[in-house]
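Reading through the structure tokens given below for one structure.
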Amino acid sequence: MNERGDVPGGDSEELGATVAALTADDIAPARRRQLLTRLVGQARARGLGDLFKPRSAVRWMVDTVTEVAPHVPIRDLATLRRHFPDLDDEALADRLVRNASRATAGVGAAGGGVAAVEWAVTPTLLSAPVLLAAETIAVVAIELKLIGELNEIYGVALPEGRGQRAVALVHAWATQRGVNPMMPGAGVGAVLGTAARRELRDTLLRRFGRNLTTLGPFLTGAAVAGYLNRRATRSLGDQVRDDLRRKRRELPAPKRALPGSS
């Protein structure tokens, strides 16, 4: 058991598996609601009381994002080509941004649906902070996947290894940029102990505040949360693509073999 009282291994793996499932391109609304409800339950088991304090809630989300980031499935370029044949780079990037926007909108709608049920059950307020945190984590995971796969399309290499890749993706998400290929390798704790941790915290805080719309009465919360999630994810995708296009132009051209060389 670690300092936070979490059981290592199984607890983290189960949480990561739930979040990974939520990042899939095409999930039926009932399945997404089921997964989000499971995520809420897992979040409850990891310290409900702390989520009533804003600073503790954001700290919890920072820790949880770094914990689930290595579990986010990133398809390499060859896999993306198989899944989306006959699309050039820009059309493929368009499709990924569209799919991710739909997925985060679906999370907002699912969160609103869960909230609509929760409001009819007492004690409702015990669930609200956990639902908001769970929805925020799910949205971040979908956007981490989007950033990773956009990097694959635009030829900006991701670091080797799940841990190093997770660090780079979390930093990219916090700064709303593509992965920095020149970023020195470091562990999650080391990177997030610097300015990158503050950037992640501040970005998460903005997302957490936006997700308050989930708690709107009845299904109005679902509609608004879905719209805001879709818009924010599309904006993120556009910013990351612009940055990756610039990075690709700045990358050195591959060396060509000299005539007659073996």
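Just remember, in the structure tokens the first chain shown is A, the second B, etc., residues are 1-based per chain, and ligands are 1-based in the order shown.
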Set the distance at 8 Å and use only C-alpha atoms: which residues neighbour Asp26 (chain A) once local chain neighbours fewer than 2 positions away are removed? I'd like the list as a JSON list (two decimals) with N, CA, C and O atoms, in the first residue's frame.
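Heads up, here's the output in selection_17.json:
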```
[["chain", "number", "residue", "atom", "x", "y", "z"],
["A", 24, "ALA", "N", -12.54, 4.37, -26.63],
["A", 24, "ALA", "CA", -12.84, 3.73, -27.92],
["A", 24, "ALA", "C", -13.66, 4.68, -28.81],
["A", 24, "ALA", "O", -14.44, 5.50, -28.32],
["A", 28, "ALA", "N", -21.66, 2.41, -27.69],
["A", 28, "ALA", "CA", -23.09, 2.66, -27.54],
["A", 28, "ALA", "C", -23.33, 3.49, -26.29],
["A", 28, "ALA", "O", -22.63, 3.34, -25.29],
["A", 99, "ASN", "N", -14.00, 11.96, -34.35],
["A", 99, "ASN", "CA", -14.35, 10.83, -33.49],
["A", 99, "ASN", "C", -14.11, 11.16, -32.01],
["A", 99, "ASN", "O", -14.92, 10.80, -31.15],
["A", 103, "ALA", "N", -16.75, 11.38, -28.96],
["A", 103, "ALA", "CA", -16.57, 10.58, -27.75],
["A", 103, "ALA", "C", -16.66, 11.43, -26.49],
["A", 103, "ALA", "O", -17.32, 11.05, -25.51]]
```
### Message
What does the structure give for the distance between CA of Ile147 (chain A) and CA of Ala45 (chain A), in Å to one decimal?
### Response
29.4 Å
### DSSP helix (DSSP H, G or I) residues within region 62-170 of chain A, listed as JSON, numbers by chain
{"A": [62, 63, 64, 65, 66, 67, 68, 69, 70, 71, 77, 78, 79, 80, 81, 82, 83, 89, 90, 91, 92, 93, 94, 95, 96, 97, 98, 99, 100, 101, 102, 103, 104, 105, 106, 107, 108, 109, 110, 111, 112, 113, 114, 115, 116, 117, 118, 124, 125, 126, 128, 129, 130, 131, 132, 133, 134, 135, 136, 137, 138, 139, 140, 141, 142, 143, 144, 145, 146, 147, 148, 149, 150, 151, 152, 153, 162, 163, 164, 165, 166, 167, 168, 169, 170]}
### Query
From the set A:His83, A:Arg234, A:Arg55, A:Lys145, which residue has the shortest atom-to-atom contact distance to Ala20 (chain A), counting only C-alpha atoms?
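Going through A:His83, A:Arg234, A:Arg55, A:Lys145 one by one, the smallest distance to Ala20 (chain A) is for A:Lys145.
In this structure, CA of His71 (chain A) sits 25.5 Å away from CA of Asp89 (chain A).
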### Task
Tell me which protein, DNA and RNA residues are within 10 Å of Phe84 (chain A), counting only C-alpha atoms, leaving out same-chain ones fewer than 5 positions away, and put them as a ChimeraX atom specification.
/A:78-79,91-92,95-96
Hey, can you spit out that residue selection with N, CA and C atoms as a PDB file, in the first residue's frame?
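What landed in out-v1.pdb:
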```
ATOM      1  N   ALA A  78       0.504   2.481 -38.836  1.00  0.00           N
ATOM      2  CA  ALA A  78       0.079   1.319 -39.636  1.00  0.00           C
ATOM      3  C   ALA A  78      -1.316   0.858 -39.226  1.00  0.00           C
ATOM      4  N   THR A  79      -1.587   0.848 -37.939  1.00  0.00           N
ATOM      5  CA  THR A  79      -2.907   0.436 -37.458  1.00  0.00           C
ATOM      6  C   THR A  79      -3.971   1.437 -37.890  1.00  0.00           C
ATOM      7  N   ALA A  91      -7.125  14.082 -44.076  1.00  0.00           N
ATOM      8  CA  ALA A  91      -8.456  13.497 -43.915  1.00  0.00           C
ATOM      9  C   ALA A  91      -8.496  12.556 -42.711  1.00  0.00           C
ATOM     10  N   LEU A  92      -7.405  11.823 -42.494  1.00  0.00           N
ATOM     11  CA  LEU A  92      -7.326  10.930 -41.335  1.00  0.00           C
ATOM     12  C   LEU A  92      -7.331  11.731 -40.042  1.00  0.00           C
ATOM     13  N   ARG A  95     -10.759  12.885 -39.311  1.00  0.00           N
ATOM     14  CA  ARG A  95     -11.601  11.807 -38.794  1.00  0.00           C
ATOM     15  C   ARG A  95     -11.319  11.562 -37.310  1.00  0.00           C
ATOM     16  N   LEU A  96     -10.040  11.582 -36.924  1.00  0.00           N
ATOM     17  CA  LEU A  96      -9.700  11.346 -35.520  1.00  0.00           C
ATOM     18  C   LEU A  96     -10.237  12.452 -34.619  1.00  0.00           C
TER      19      LEU A  96
END
```
### Message
Just want the 7 Å neighbourhood of Leu146 (chain A), counted on only C-alpha atoms, with same-chain residues fewer than 4 positions away dropped. Output as a PyMOL selection string.
### Response
chain A and resi 96-97+100+142+150
### Message
Neighbouring residues of Ala172 (chain A) were defined as those with any atom within 10 Å, considering only C-alpha atoms; residues of the same chain fewer than 4 positions away were excluded. Please report them as a list in words.
### Response
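Listed by chain and then number, they are Leu144, Ile147, Gly148, Ala166, Val167, Ala168, Gln176, Arg177, Gly178, Val179, Asn180, Ala196, Leu200 and Val240 of chain A.
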### Message
Would you pick out the contacts of Arg245 (chain A) at 10 Å or less, using only C-alpha atoms, so that residues sharing its chain but fewer than 6 positions from it are not included, and give the list as a PyMOL selection string?
### Response
chain A and resi 151+154-156+178
### Task
Find the residue from A:Gln239, A:Thr23, A:Asn229, A:Ser56 that sits nearest to Thr104 (chain A); use only C-alpha atoms when measuring.
A:Asn229
### Nearest residue to Glu90 (chain A) from the set A:Val40, A:Ile153, A:Ala141, A:Ala21 (distances using only C-alpha atoms)
A:Ile153
#### Entry: Top pick for closest residue to Pro29 (chain A), considering A:Leu131, A:Thr175, A:Glu152, A:Gly106 and counting only C-alpha atoms
A:Gly106
### Task
Considering only C-alpha atoms, return as a ChimeraX atom specification whatever protein or nucleic-acid residues lie within 12 Å of Ser12 (chain A), sequence-local ones (same chain, fewer than 6 positions apart) excluded.
/A:1-2,6,18-20,39,42-43,45-46,63-71
